[in-house]
Every structure is written in structure tokens, then in C-alpha cells.
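The file coords-v3.txt contains compact mmCIF, N, CA and C atoms:
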```txt
# COMPACT_ATOMS: atom_id res chain seq x y z
N MET A 16 0.85 -1.17 0.00
CA MET A 16 0.00 0.00 0.00
C MET A 16 0.89 1.23 0.00
N ARG A 17 0.60 2.13 -0.91
CA ARG A 17 1.45 3.31 -1.06
C ARG A 17 0.80 4.50 -0.38
N PHE A 18 1.49 5.05 0.62
CA PHE A 18 1.05 6.27 1.30
C PHE A 18 -0.40 6.19 1.76
N GLY A 19 -0.82 5.04 2.28
CA GLY A 19 -2.16 4.93 2.81
C GLY A 19 -3.24 4.69 1.78
N LYS A 20 -2.90 4.36 0.56
CA LYS A 20 -3.90 4.12 -0.46
C LYS A 20 -4.11 2.63 -0.60
N LYS A 21 -5.35 2.23 -0.76
CA LYS A 21 -5.67 0.82 -0.90
C LYS A 21 -6.51 0.65 -2.15
N GLY A 22 -6.17 -0.33 -2.96
CA GLY A 22 -7.01 -0.66 -4.10
C GLY A 22 -7.03 0.43 -5.15
N LYS A 23 -8.22 0.91 -5.46
CA LYS A 23 -8.39 1.91 -6.52
C LYS A 23 -7.75 3.24 -6.14
N LEU A 24 -7.54 4.06 -7.14
CA LEU A 24 -6.92 5.37 -6.88
C LEU A 24 -7.82 6.23 -6.02
N SER A 25 -7.24 7.01 -5.19
CA SER A 25 -7.96 7.85 -4.25
C SER A 25 -7.50 9.30 -4.44
N PRO A 26 -8.40 10.28 -4.31
CA PRO A 26 -7.99 11.68 -4.48
C PRO A 26 -7.28 12.20 -3.25
N ARG A 27 -6.22 11.53 -2.87
CA ARG A 27 -5.52 11.89 -1.66
C ARG A 27 -4.02 11.84 -1.93
N TYR A 28 -3.28 12.72 -1.30
CA TYR A 28 -1.86 12.81 -1.60
C TYR A 28 -1.06 12.84 -0.32
N ALA A 29 0.18 12.42 -0.40
CA ALA A 29 1.09 12.54 0.73
C ALA A 29 1.51 13.99 0.86
N GLU A 30 2.32 14.29 1.84
CA GLU A 30 2.74 15.67 2.09
C GLU A 30 3.42 16.30 0.88
N LEU A 31 3.66 17.60 0.98
CA LEU A 31 4.37 18.31 -0.07
C LEU A 31 5.87 18.07 0.08
N TYR A 32 6.53 17.73 -1.03
CA TYR A 32 7.96 17.46 -1.01
C TYR A 32 8.65 18.27 -2.10
N ILE A 33 9.92 18.53 -1.91
CA ILE A 33 10.71 19.31 -2.87
C ILE A 33 11.30 18.37 -3.92
N ILE A 34 11.19 18.78 -5.19
CA ILE A 34 11.79 18.02 -6.28
C ILE A 34 13.27 18.38 -6.33
N ILE A 35 14.13 17.38 -6.19
CA ILE A 35 15.58 17.60 -6.19
C ILE A 35 16.14 17.59 -7.61
N GLN A 36 15.68 16.62 -8.41
CA GLN A 36 16.30 16.41 -9.71
C GLN A 36 15.27 15.85 -10.68
N MET A 37 15.35 16.26 -11.94
CA MET A 37 14.53 15.69 -13.00
C MET A 37 15.36 14.60 -13.68
N ILE A 38 14.83 13.39 -13.69
CA ILE A 38 15.54 12.25 -14.29
C ILE A 38 14.81 11.90 -15.57
N GLY A 39 15.40 12.20 -16.70
CA GLY A 39 14.72 11.98 -17.98
C GLY A 39 13.56 12.94 -18.14
N GLN A 40 12.56 12.53 -18.93
CA GLN A 40 11.41 13.41 -19.17
C GLN A 40 10.22 13.05 -18.31
N VAL A 41 10.21 11.86 -17.70
CA VAL A 41 9.01 11.43 -16.98
C VAL A 41 9.26 11.01 -15.53
N ALA A 42 10.45 11.24 -15.00
CA ALA A 42 10.74 10.82 -13.62
C ALA A 42 11.40 11.96 -12.85
N TYR A 43 11.07 12.02 -11.56
CA TYR A 43 11.63 13.05 -10.68
C TYR A 43 12.14 12.40 -9.40
N ARG A 44 13.26 12.92 -8.89
CA ARG A 44 13.77 12.52 -7.58
C ARG A 44 13.31 13.58 -6.60
N ILE A 45 12.63 13.14 -5.52
CA ILE A 45 12.13 14.09 -4.53
C ILE A 45 12.86 13.89 -3.20
N GLU A 46 12.84 14.93 -2.39
CA GLU A 46 13.49 14.89 -1.08
C GLU A 46 12.50 14.34 -0.07
N LEU A 47 12.82 13.16 0.50
CA LEU A 47 11.95 12.52 1.48
C LEU A 47 12.52 12.69 2.88
N PRO A 48 11.66 12.74 3.90
CA PRO A 48 12.15 12.85 5.28
C PRO A 48 12.81 11.54 5.73
N PRO A 49 13.61 11.55 6.78
CA PRO A 49 14.32 10.35 7.23
C PRO A 49 13.40 9.19 7.60
N GLU A 50 12.19 9.46 8.11
CA GLU A 50 11.29 8.37 8.49
C GLU A 50 10.74 7.62 7.29
N MET A 51 10.94 8.16 6.09
CA MET A 51 10.50 7.48 4.87
C MET A 51 11.71 7.00 4.07
N SER A 52 12.77 6.63 4.77
CA SER A 52 14.00 6.21 4.09
C SER A 52 13.83 4.89 3.34
N LEU A 53 12.81 4.09 3.66
CA LEU A 53 12.58 2.83 2.97
C LEU A 53 11.90 3.01 1.61
N VAL A 54 11.35 4.19 1.36
CA VAL A 54 10.65 4.47 0.10
C VAL A 54 11.65 4.99 -0.92
N HIS A 55 11.59 4.45 -2.13
CA HIS A 55 12.50 4.88 -3.19
C HIS A 55 12.16 6.32 -3.58
N PRO A 56 13.15 7.22 -3.70
CA PRO A 56 12.85 8.64 -3.89
C PRO A 56 12.55 9.06 -5.33
N VAL A 57 12.53 8.14 -6.30
CA VAL A 57 12.26 8.51 -7.70
C VAL A 57 10.82 8.12 -8.04
N PHE A 58 10.06 9.09 -8.57
CA PHE A 58 8.65 8.87 -8.88
C PHE A 58 8.37 9.26 -10.33
N HIS A 59 7.44 8.55 -10.95
CA HIS A 59 6.98 8.88 -12.29
C HIS A 59 6.15 10.15 -12.22
N VAL A 60 6.15 10.90 -13.28
CA VAL A 60 5.46 12.19 -13.30
C VAL A 60 3.95 12.03 -13.06
N SER A 61 3.37 10.88 -13.42
CA SER A 61 1.94 10.67 -13.22
C SER A 61 1.58 10.51 -11.75
N MET A 62 2.55 10.23 -10.88
CA MET A 62 2.28 10.08 -9.46
C MET A 62 2.40 11.39 -8.69
N LEU A 63 2.85 12.44 -9.35
CA LEU A 63 3.08 13.72 -8.69
C LEU A 63 2.04 14.74 -9.12
N LYS A 64 1.70 15.63 -8.22
CA LYS A 64 0.80 16.74 -8.52
C LYS A 64 1.51 18.04 -8.19
N LYS A 65 1.33 19.04 -9.03
CA LYS A 65 2.00 20.31 -8.81
C LYS A 65 1.38 21.06 -7.64
N VAL A 66 0.07 21.08 -7.55
CA VAL A 66 -0.63 21.83 -6.51
C VAL A 66 -1.73 20.95 -5.93
N VAL A 67 -1.86 20.97 -4.61
CA VAL A 67 -2.97 20.29 -3.95
C VAL A 67 -3.92 21.39 -3.49
N GLY A 68 -5.12 21.43 -4.08
CA GLY A 68 -6.05 22.52 -3.78
C GLY A 68 -6.68 22.46 -2.40
N ASP A 69 -6.95 21.26 -1.88
CA ASP A 69 -7.63 21.11 -0.60
C ASP A 69 -6.65 20.55 0.43
N PRO A 70 -6.24 21.35 1.41
CA PRO A 70 -5.27 20.86 2.40
C PRO A 70 -5.79 19.70 3.24
N SER A 71 -7.11 19.50 3.32
CA SER A 71 -7.64 18.40 4.12
C SER A 71 -7.37 17.05 3.46
N LEU A 72 -6.99 17.03 2.18
CA LEU A 72 -6.70 15.78 1.49
C LEU A 72 -5.25 15.33 1.66
N ILE A 73 -4.43 16.15 2.28
CA ILE A 73 -3.02 15.81 2.47
C ILE A 73 -2.89 14.87 3.67
N VAL A 74 -2.18 13.78 3.50
CA VAL A 74 -1.92 12.83 4.58
C VAL A 74 -0.56 13.16 5.18
N LEU A 75 -0.50 13.40 6.47
CA LEU A 75 0.76 13.69 7.12
C LEU A 75 1.57 12.41 7.26
N VAL A 76 2.87 12.52 7.14
CA VAL A 76 3.75 11.35 7.19
C VAL A 76 3.68 10.67 8.55
N GLU A 77 3.45 11.43 9.62
CA GLU A 77 3.39 10.85 10.95
C GLU A 77 2.24 9.86 11.08
N THR A 78 1.17 10.03 10.30
CA THR A 78 0.02 9.13 10.40
C THR A 78 0.22 7.84 9.63
N ILE A 79 1.26 7.76 8.79
CA ILE A 79 1.52 6.56 8.01
C ILE A 79 2.61 5.75 8.71
N GLU A 80 2.27 4.54 9.13
CA GLU A 80 3.24 3.68 9.79
C GLU A 80 3.62 2.57 8.82
N VAL A 81 4.72 2.76 8.08
CA VAL A 81 5.15 1.81 7.07
C VAL A 81 6.26 0.94 7.65
N ASN A 82 6.14 -0.41 7.48
CA ASN A 82 7.18 -1.30 7.97
C ASN A 82 8.20 -1.60 6.88
N GLU A 83 9.09 -2.57 7.11
CA GLU A 83 10.15 -2.86 6.15
C GLU A 83 9.63 -3.38 4.82
N GLU A 84 8.47 -4.04 4.81
CA GLU A 84 7.90 -4.56 3.56
C GLU A 84 7.09 -3.48 2.82
N LEU A 85 7.14 -2.24 3.32
CA LEU A 85 6.40 -1.11 2.74
C LEU A 85 4.90 -1.36 2.75
N THR A 86 4.40 -1.97 3.82
CA THR A 86 2.97 -2.20 4.00
C THR A 86 2.56 -1.71 5.38
N TYR A 87 1.27 -1.63 5.61
CA TYR A 87 0.76 -1.33 6.94
C TYR A 87 -0.63 -1.94 7.08
N VAL A 88 -1.12 -2.02 8.29
CA VAL A 88 -2.39 -2.68 8.57
C VAL A 88 -3.50 -1.63 8.53
N GLU A 89 -4.54 -1.91 7.73
CA GLU A 89 -5.71 -1.04 7.71
C GLU A 89 -6.58 -1.36 8.91
N ILE A 90 -7.11 -0.34 9.56
CA ILE A 90 -7.96 -0.52 10.73
C ILE A 90 -9.36 0.00 10.39
N VAL A 91 -10.36 -0.84 10.65
CA VAL A 91 -11.75 -0.46 10.38
C VAL A 91 -12.22 0.48 11.48
N VAL A 92 -12.77 1.63 11.07
CA VAL A 92 -13.29 2.59 12.03
C VAL A 92 -14.78 2.35 12.24
N ALA A 93 -15.53 2.18 11.14
CA ALA A 93 -16.98 2.00 11.25
C ALA A 93 -17.51 1.30 10.01
N ILE A 94 -18.65 0.65 10.17
CA ILE A 94 -19.38 0.06 9.05
C ILE A 94 -20.55 1.00 8.78
N LEU A 95 -20.58 1.61 7.61
CA LEU A 95 -21.55 2.65 7.30
C LEU A 95 -22.85 2.12 6.72
N ASP A 96 -22.78 1.03 5.96
CA ASP A 96 -23.96 0.53 5.28
C ASP A 96 -23.79 -0.96 4.99
N ARG A 97 -24.90 -1.67 4.81
CA ARG A 97 -24.88 -3.09 4.46
C ARG A 97 -25.84 -3.31 3.31
N GLN A 98 -25.50 -4.27 2.44
CA GLN A 98 -26.40 -4.62 1.35
C GLN A 98 -26.16 -6.08 0.95
N VAL A 99 -27.18 -6.69 0.35
CA VAL A 99 -27.08 -8.07 -0.12
C VAL A 99 -27.41 -8.09 -1.60
N GLN A 100 -26.47 -8.59 -2.41
CA GLN A 100 -26.70 -8.72 -3.84
C GLN A 100 -27.17 -10.14 -4.12
N LYS A 101 -28.31 -10.26 -4.81
CA LYS A 101 -28.84 -11.58 -5.12
C LYS A 101 -28.47 -11.95 -6.54
N LEU A 102 -27.75 -13.07 -6.66
CA LEU A 102 -27.43 -13.63 -7.96
C LEU A 102 -28.40 -14.78 -8.22
N ARG A 103 -28.19 -15.55 -9.25
CA ARG A 103 -29.11 -16.65 -9.56
C ARG A 103 -29.19 -17.68 -8.44
N ASN A 104 -28.02 -18.14 -7.98
CA ASN A 104 -28.00 -19.23 -7.01
C ASN A 104 -27.48 -18.86 -5.64
N LYS A 105 -27.02 -17.65 -5.46
CA LYS A 105 -26.47 -17.29 -4.15
C LYS A 105 -26.65 -15.81 -3.87
N GLU A 106 -26.39 -15.47 -2.62
CA GLU A 106 -26.49 -14.09 -2.18
C GLU A 106 -25.11 -13.66 -1.67
N ILE A 107 -24.68 -12.45 -2.03
CA ILE A 107 -23.39 -11.92 -1.61
C ILE A 107 -23.64 -10.71 -0.71
N ALA A 108 -23.22 -10.82 0.53
CA ALA A 108 -23.37 -9.71 1.47
C ALA A 108 -22.14 -8.81 1.37
N SER A 109 -22.35 -7.50 1.38
CA SER A 109 -21.24 -6.55 1.36
C SER A 109 -21.54 -5.40 2.31
N MET A 110 -20.45 -4.79 2.82
CA MET A 110 -20.57 -3.69 3.77
C MET A 110 -19.74 -2.51 3.30
N LYS A 111 -20.24 -1.32 3.54
CA LYS A 111 -19.48 -0.11 3.25
C LYS A 111 -18.65 0.21 4.49
N VAL A 112 -17.31 0.13 4.32
CA VAL A 112 -16.39 0.22 5.46
C VAL A 112 -15.63 1.54 5.41
N LEU A 113 -15.57 2.20 6.54
CA LEU A 113 -14.75 3.40 6.69
C LEU A 113 -13.44 2.99 7.35
N TRP A 114 -12.32 3.23 6.66
CA TRP A 114 -10.99 2.86 7.16
C TRP A 114 -10.40 4.01 7.95
N GLN A 115 -9.35 3.74 8.70
CA GLN A 115 -8.76 4.69 9.63
C GLN A 115 -8.26 5.97 8.96
N ASN A 116 -7.55 5.88 7.85
CA ASN A 116 -6.96 7.06 7.22
C ASN A 116 -7.77 7.59 6.06
N GLN A 117 -9.09 7.41 6.08
CA GLN A 117 -9.94 7.86 4.98
C GLN A 117 -11.06 8.73 5.49
N GLN A 118 -11.62 9.50 4.56
CA GLN A 118 -12.80 10.29 4.88
C GLN A 118 -14.03 9.49 4.48
N VAL A 119 -15.22 9.95 4.88
CA VAL A 119 -16.46 9.21 4.62
C VAL A 119 -16.70 9.02 3.12
N GLU A 120 -16.34 10.00 2.30
CA GLU A 120 -16.56 9.90 0.86
C GLU A 120 -15.69 8.80 0.24
N GLU A 121 -14.63 8.40 0.91
CA GLU A 121 -13.68 7.43 0.36
C GLU A 121 -13.89 6.03 0.92
N ALA A 122 -15.00 5.79 1.62
CA ALA A 122 -15.29 4.46 2.17
C ALA A 122 -15.47 3.46 1.02
N THR A 123 -15.10 2.20 1.26
CA THR A 123 -15.14 1.19 0.22
C THR A 123 -16.13 0.09 0.56
N TRP A 124 -16.66 -0.56 -0.48
CA TRP A 124 -17.54 -1.71 -0.31
C TRP A 124 -16.69 -2.96 -0.24
N GLU A 125 -16.85 -3.75 0.83
CA GLU A 125 -16.09 -4.98 1.03
C GLU A 125 -17.05 -6.15 1.20
N ALA A 126 -16.65 -7.29 0.67
CA ALA A 126 -17.49 -8.50 0.80
C ALA A 126 -17.43 -9.02 2.23
```
Show me, as C-alpha cells, the structure contained in the file I just sent.
Amino acid sequence: MRFGKKGKLSPRYAELYIIIQMIGQVAYRIELPPEMSLVHPVFHVSMLKKVVGDPSLIVLVETIEVNEELTYVEIVVAILDRQVQKLRNKEIASMKVLWQNQQVEEATWEA
């Protein structure tokens, strides 16, 4: 999981970082803090944004606890909704789950 993102793309970004060097036409080396030393500092241009318009969408590095495998455990905060999908021969129950580092609009449906 990259910077607290799970599954599909989310309109959320990590903190603001300084670009140190442009590598080729599509990659940039950015300056990362010491607590993110396990993350490779070169990113593709599609992963970077020049301006973040809403400061509430920025995830602070202190809230991300990344281990050596560059993963972390998602914690369920609340179950917002439940539904049952009926197929021909079976029923699939799913719940709308709010995760720890997400806002209500970013809750996901889980089986």
C-alpha cells in the first residue's frame, strides 16, 4: 500500500515534497524525510501533482506507519452501510467500510 492508499486510486496525496532532480522526461527525484527512508525517492510524473487545492486531502507522514515490507495494517473505524446482492443461485453480502486514514466519501464496499 502506497502512502495509505488501498485498491483503486484515491484523491488523496502525501505531504508536499521538494523536487531535487529531474531524471529523464518522466521521472523526478524528490526529497523525502528520514522516516521514509525505505521508500524509493524517484517517482513517475503521473504520481506527482504540482498543486494540492484542498489541504484536508493531504496525509501527514506521521500518520503513516510503514514497515520494512512497505505495507501497513488497515484498521476499520466504522461500518456505514450493508447490502445483499442476489445472484441466480447465491447471495453476496457486502458492507461499506470506513478505514482509519480515509474520509467518509472514500469508504469502500467490502465482501
Å distance separating CA of Arg97 in chain A from CA of Gln117 in chain A, one decimal place: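 Taking CA of Arg97 in chain A as the start and CA of Gln117 in chain A as the end point, the length is 18.5 Å.
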d(CA of Val112 in chain A, atom N of Tyr87 in chain A) in Å: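 One can read the CA of Val112 in chain A to atom N of Tyr87 in chain A distance as 17.8 Å.
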Contact residues around range 30-42 of chain A with all atoms listed in the file at 5 Å, ignoring same-chain residues under 4 positions, as a list of chain:residue names: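 Once the nearby chain positions are removed, what remains is A:Glu46, A:Phe58, A:His59, A:Val60, A:Val74.
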With N, CA and C atoms retained, write the just-selected residues as a tab-separated table (two decimals), in the frame of the given file.
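Resulting contents of selection_2.tsv:
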```tsv
chain	number	residue	atom	x	y	z
A	46	GLU	N	12.84	14.93	-2.39
A	46	GLU	CA	13.49	14.89	-1.08
A	46	GLU	C	12.50	14.34	-0.07
A	58	PHE	N	10.06	9.09	-8.57
A	58	PHE	CA	8.65	8.87	-8.88
A	58	PHE	C	8.37	9.26	-10.33
A	59	HIS	N	7.44	8.55	-10.95
A	59	HIS	CA	6.98	8.88	-12.29
A	59	HIS	C	6.15	10.15	-12.22
A	60	VAL	N	6.15	10.90	-13.28
A	60	VAL	CA	5.46	12.19	-13.30
A	60	VAL	C	3.95	12.03	-13.06
A	74	VAL	N	-2.18	13.78	3.50
A	74	VAL	CA	-1.92	12.83	4.58
A	74	VAL	C	-0.56	13.16	5.18
```
Atom-to-atom span, CA of Glu84 in chain A and atom C of Asn116 in chain A, Å: 20.0 Å
Neighbour residues at most 12 Å from (-23.7, -3.5, 1.4) (only C-alpha atoms) as a ChimeraX atom specification: /A:94-101,106-112,122-126
